[in-house]
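Student: There's a structure below that I have some questions on.
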Amino acid sequence: MNKDKYTGGCLCGRVRFEITGTIREIVYCHCSQCRKVQGSAFATNGNVDAGDFHLVKGEHELTAYESSPSQTKYFCRHCGSPILSKTESVKDKVRVRLGTIETDIAERPVAHIFVASKANWEEIESSLPQYDEFEPARNKSR
Ligand SMILES: [Zn+2]
Ligand SMILES: [Zn+2]
């Protein structure tokens with residue numbers, strides 16, 4: 001168990017959180033949804049056990065958007081920072097947007113995913129594995 005405590009928050013500072021466990025399955029996701037949510041070429045997301053993610057403040061500043069019938073994304077209603085998403089079928093985990101974490105983290109990204117739908121202007125220069133859709137480990141756990 002990771003004893004480090006990671007802290008983070010949204011751009012305007014109204015939403016603050018702590019992570020008291022390990023961040024798993026960190027990936028760069030190049031899918032069209034992640035690109036729109038971030039306004040960039042990709043999103044960097046990782047799984048955290050729901051019990052390890054603690055909203056320190058700003059619970060009522062988070063707005064939910066149901067991006068698909070089973071997935072809800074949460075962002076700050078003042079500054080728009082994307083903080084996390086939840087998948088209905090995976091109740092014990094939350095998926096955190098790593099760019100909102102302010103402390104150094106010990107874990108590292110493992111792959112680029114949904115590379116088949118990346119923006120045509122993006123060139124991925126990376127030694128990490130690249131997958132057209134989800135990374136193989138996650139397909140197995142579904
Ligand atoms: Zn904010
Ligand atoms: Zn994505």
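Letters A, B, ... mark the chains of the structure tokens in the order given; residue numbers begin at 1 per chain; ligand numbers begin at 1, in order shown.
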Can you pull out every residue with an atom within 10 Å of ligand 1? Use only C-alpha atoms and all ligand atoms and format it as an NGL selection string.

Tutor: :A and (9-16 or 58 or 61-62 or 75-83)

Student: As a VMD selection string, please: every protein or nucleic acid residue near ligand 2 (cut-off 12 Å, counting only C-alpha atoms and all ligand atoms).

Tutor: chain A and resid 26 to 38 40 to 46 67 71 73 85 95 97 112 to 118 132 to 135

Student: Could those selected residues go to a file with N, CA, C and O atoms, as a CSV table (one decimal), in the first residue's frame?

Tutor:
```csv
chain,number,residue,atom,x,y,z
A,26,ILE,N,-2.6,3.7,-15.6
A,26,ILE,CA,-2.5,5.1,-16.1
A,26,ILE,C,-2.2,5.0,-17.6
A,26,ILE,O,-1.3,4.3,-18.1
A,27,VAL,N,-3.1,5.6,-18.4
A,27,VAL,CA,-2.9,5.6,-19.9
A,27,VAL,C,-3.1,7.0,-20.4
A,27,VAL,O,-3.8,7.9,-19.8
A,28,TYR,N,-2.5,7.2,-21.6
A,28,TYR,CA,-2.8,8.4,-22.4
A,28,TYR,C,-3.9,7.9,-23.4
A,28,TYR,O,-3.7,7.0,-24.2
A,29,CYS,N,-5.1,8.5,-23.2
A,29,CYS,CA,-6.3,8.1,-24.1
A,29,CYS,C,-6.5,9.2,-25.2
A,29,CYS,O,-6.7,10.4,-24.9
A,30,HIS,N,-6.4,8.7,-26.4
A,30,HIS,CA,-6.5,9.6,-27.5
A,30,HIS,C,-7.9,9.6,-28.2
A,30,HIS,O,-8.1,10.0,-29.3
A,31,CYS,N,-8.9,9.0,-27.5
A,31,CYS,CA,-10.3,8.9,-28.1
A,31,CYS,C,-10.9,10.3,-28.2
A,31,CYS,O,-10.5,11.3,-27.6
A,32,SER,N,-11.9,10.4,-29.1
A,32,SER,CA,-12.5,11.7,-29.4
A,32,SER,C,-13.2,12.3,-28.2
A,32,SER,O,-13.1,13.5,-28.0
A,33,GLN,N,-13.7,11.5,-27.3
A,33,GLN,CA,-14.3,12.1,-26.0
A,33,GLN,C,-13.3,12.7,-25.2
A,33,GLN,O,-13.4,13.8,-24.7
A,34,CYS,N,-12.2,12.0,-24.9
A,34,CYS,CA,-11.1,12.5,-24.1
A,34,CYS,C,-10.5,13.8,-24.7
A,34,CYS,O,-10.2,14.8,-24.0
A,35,ARG,N,-10.4,13.8,-26.0
A,35,ARG,CA,-9.8,15.0,-26.7
A,35,ARG,C,-10.7,16.2,-26.4
A,35,ARG,O,-10.3,17.3,-26.2
A,36,LYS,N,-12.1,16.0,-26.5
A,36,LYS,CA,-13.0,17.1,-26.3
A,36,LYS,C,-13.0,17.6,-24.9
A,36,LYS,O,-13.1,18.8,-24.6
A,37,VAL,N,-13.0,16.6,-23.9
A,37,VAL,CA,-13.0,17.0,-22.5
A,37,VAL,C,-11.8,17.8,-22.1
A,37,VAL,O,-11.9,18.7,-21.4
A,38,GLN,N,-10.6,17.4,-22.7
A,38,GLN,CA,-9.4,18.1,-22.3
A,38,GLN,C,-9.1,19.3,-23.2
A,38,GLN,O,-8.3,20.1,-22.8
A,40,SER,N,-7.5,18.9,-25.9
A,40,SER,CA,-6.1,18.6,-26.3
A,40,SER,C,-6.0,17.3,-27.0
A,40,SER,O,-7.1,16.7,-27.3
A,41,ALA,N,-4.8,16.9,-27.3
A,41,ALA,CA,-4.7,15.7,-28.2
A,41,ALA,C,-5.0,14.4,-27.4
A,41,ALA,O,-5.4,13.4,-28.0
A,42,PHE,N,-4.9,14.4,-26.1
A,42,PHE,CA,-5.2,13.2,-25.3
A,42,PHE,C,-5.5,13.6,-23.9
A,42,PHE,O,-5.3,14.7,-23.5
A,43,ALA,N,-6.0,12.6,-23.1
A,43,ALA,CA,-6.2,12.8,-21.7
A,43,ALA,C,-5.3,11.8,-21.0
A,43,ALA,O,-5.0,10.7,-21.6
A,44,THR,N,-4.8,12.1,-19.8
A,44,THR,CA,-4.0,11.1,-19.0
A,44,THR,C,-4.8,10.8,-17.8
A,44,THR,O,-5.1,11.6,-16.9
A,45,ASN,N,-5.3,9.5,-17.8
A,45,ASN,CA,-6.2,9.1,-16.7
A,45,ASN,C,-5.7,7.8,-16.0
A,45,ASN,O,-5.0,7.0,-16.6
A,46,GLY,N,-6.1,7.7,-14.7
A,46,GLY,CA,-5.7,6.5,-14.0
A,46,GLY,C,-6.8,6.1,-13.0
A,46,GLY,O,-7.6,7.0,-12.6
A,67,SER,N,-21.6,11.2,-20.0
A,67,SER,CA,-21.1,11.2,-21.4
A,67,SER,C,-21.6,10.0,-22.2
A,67,SER,O,-21.5,10.0,-23.4
A,71,GLN,N,-21.4,6.0,-18.1
A,71,GLN,CA,-20.3,6.8,-17.6
A,71,GLN,C,-20.6,8.3,-17.3
A,71,GLN,O,-21.3,8.9,-18.1
A,73,LYS,N,-18.9,12.0,-16.0
A,73,LYS,CA,-17.7,12.8,-15.8
A,73,LYS,C,-18.0,13.9,-14.9
A,73,LYS,O,-19.1,14.6,-15.0
A,85,SER,N,-14.0,10.6,-13.5
A,85,SER,CA,-15.2,10.0,-14.1
A,85,SER,C,-15.5,8.7,-13.3
A,85,SER,O,-14.6,8.2,-12.7
A,95,ARG,N,-12.0,7.2,-11.9
A,95,ARG,CA,-10.9,7.4,-12.8
A,95,ARG,C,-10.5,8.9,-12.8
A,95,ARG,O,-11.3,9.8,-13.0
A,97,ARG,N,-8.3,12.4,-13.5
A,97,ARG,CA,-7.5,13.1,-14.6
A,97,ARG,C,-6.2,13.5,-13.9
A,97,ARG,O,-6.2,14.4,-13.1
A,112,HIS,N,-0.5,4.0,-24.6
A,112,HIS,CA,-1.4,4.9,-25.4
A,112,HIS,C,-2.5,4.1,-25.8
A,112,HIS,O,-2.3,3.1,-26.4
A,113,ILE,N,-3.8,4.6,-25.6
A,113,ILE,CA,-4.9,3.8,-26.0
A,113,ILE,C,-5.8,4.6,-27.0
A,113,ILE,O,-5.7,5.9,-27.0
A,114,PHE,N,-6.7,3.9,-27.7
A,114,PHE,CA,-7.6,4.5,-28.7
A,114,PHE,C,-6.7,5.4,-29.7
A,114,PHE,O,-7.2,6.4,-30.1
A,115,VAL,N,-5.6,4.8,-30.1
A,115,VAL,CA,-4.7,5.5,-31.0
A,115,VAL,C,-5.4,5.5,-32.4
A,115,VAL,O,-5.1,6.4,-33.2
A,116,ALA,N,-6.2,4.5,-32.7
A,116,ALA,CA,-6.9,4.5,-34.0
A,116,ALA,C,-7.8,5.7,-34.2
A,116,ALA,O,-8.1,6.1,-35.3
A,117,SER,N,-8.2,6.4,-33.1
A,117,SER,CA,-9.1,7.6,-33.2
A,117,SER,C,-8.4,8.9,-32.8
A,117,SER,O,-9.0,9.9,-32.5
A,118,LYS,N,-7.0,8.9,-32.8
A,118,LYS,CA,-6.3,10.1,-32.5
A,118,LYS,C,-6.5,11.2,-33.5
A,118,LYS,O,-6.9,10.9,-34.7
A,132,ASP,N,-5.1,0.3,-30.5
A,132,ASP,CA,-6.2,0.9,-31.3
A,132,ASP,C,-7.3,1.3,-30.4
A,132,ASP,O,-8.0,2.3,-30.6
A,133,GLU,N,-7.6,0.4,-29.4
A,133,GLU,CA,-8.7,0.7,-28.4
A,133,GLU,C,-8.1,0.5,-27.0
A,133,GLU,O,-7.0,0.9,-26.8
A,134,PHE,N,-8.9,-0.1,-26.1
A,134,PHE,CA,-8.4,-0.3,-24.7
A,134,PHE,C,-7.1,-1.2,-24.7
A,134,PHE,O,-6.9,-2.0,-25.6
A,135,GLU,N,-6.2,-1.0,-23.7
A,135,GLU,CA,-5.1,-1.8,-23.5
A,135,GLU,C,-5.6,-3.2,-23.2
A,135,GLU,O,-6.6,-3.4,-22.5
```

Student: Among chain A, which residues carry a DSSP assignment of strand (DSSP E), reported as an MDAnalysis selection string?

Tutor: chainID A and resid 6:9 16:19 24:29 43:49 53:57 62:68 71:76 82:87 93:97 111:113

Student: If you run DSSP on this backbone, which residues of segment 9-115 of chain A come out as helix (DSSP H, G or I), and could you give them as a list in words?

Tutor: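 The helix (DSSP H, G or I) residues within segment 9-115 of chain A come out as Ser32, Gln33, Cys34, Arg35, Lys36, Val37, Gln38, Ala50, Gly51, Asp52, Glu59, His60, Glu61, Leu98, Gly99, Thr100 and Val115 of chain A.
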
Student: Please list as a PyMOL selection string every residue within 12 Å of Ile105 of chain A, counting only C-alpha atoms and excluding residues in the same chain fewer than 5 positions away.

Tutor: chain A and resi 2-8+19-24+26+46+98-100

Student: Rounded to one decimal, what separation in Å do you get between atom CA of His60 of chain A and atom CA of Ile101 of chain A?

Tutor: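 For atom CA of His60 of chain A relative to atom CA of Ile101 of chain A, the distance reads 19.5 Å.
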
Student: For each of A:Leu84, A:Ala50, A:Ala137, A:Ile124, take the minimum atom-to-atom distance to Val110 of chain A, counting only C-alpha atoms, then give the residue where this is smallest.

Tutor: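 Of A:Leu84, A:Ala50, A:Ala137, A:Ile124, the one nearest Val110 of chain A is A:Ala137, counting only C-alpha atoms.
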
Student: For atom CA of Ser70 of chain A and atom CA of Val90 of chain A, determine how far apart the two atoms are, in Å to one decimal place.

Tutor: 9.6 Å

Student: Excluding Lys91 of chain A and any residue of its chain fewer than 4 positions from it, enumerate the residues within 10 Å of it, using only C-alpha atoms, and give them as a list in words.

Tutor: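 My reading of the contact set: Asp49, Ala50, Lys86 and Thr87 of chain A.
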
Student: Please produce an output containing C-alpha atoms for each residue in the selection, written as an mmCIF file, in the first residue's frame.

Tutor:
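Printed below is again.cif as written:
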```cif
data_model
loop_
_atom_site.group_PDB
_atom_site.id
_atom_site.type_symbol
_atom_site.label_atom_id
_atom_site.label_comp_id
_atom_site.auth_asym_id
_atom_site.auth_seq_id
_atom_site.Cartn_x
_atom_site.Cartn_y
_atom_site.Cartn_z
ATOM 1 C CA ASP A 49 -9.843 2.748 -5.481
ATOM 2 C CA ALA A 50 -12.995 4.667 -4.580
ATOM 3 C CA LYS A 86 -17.172 7.083 -12.747
ATOM 4 C CA THR A 87 -18.350 4.006 -14.611
#
```

Student: Grab the atom CA of Asp92 of chain A to atom CA of Tyr74 of chain A distance for me, in Å with one decimal place.

Tutor: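 So the answer is 16.4 Å.
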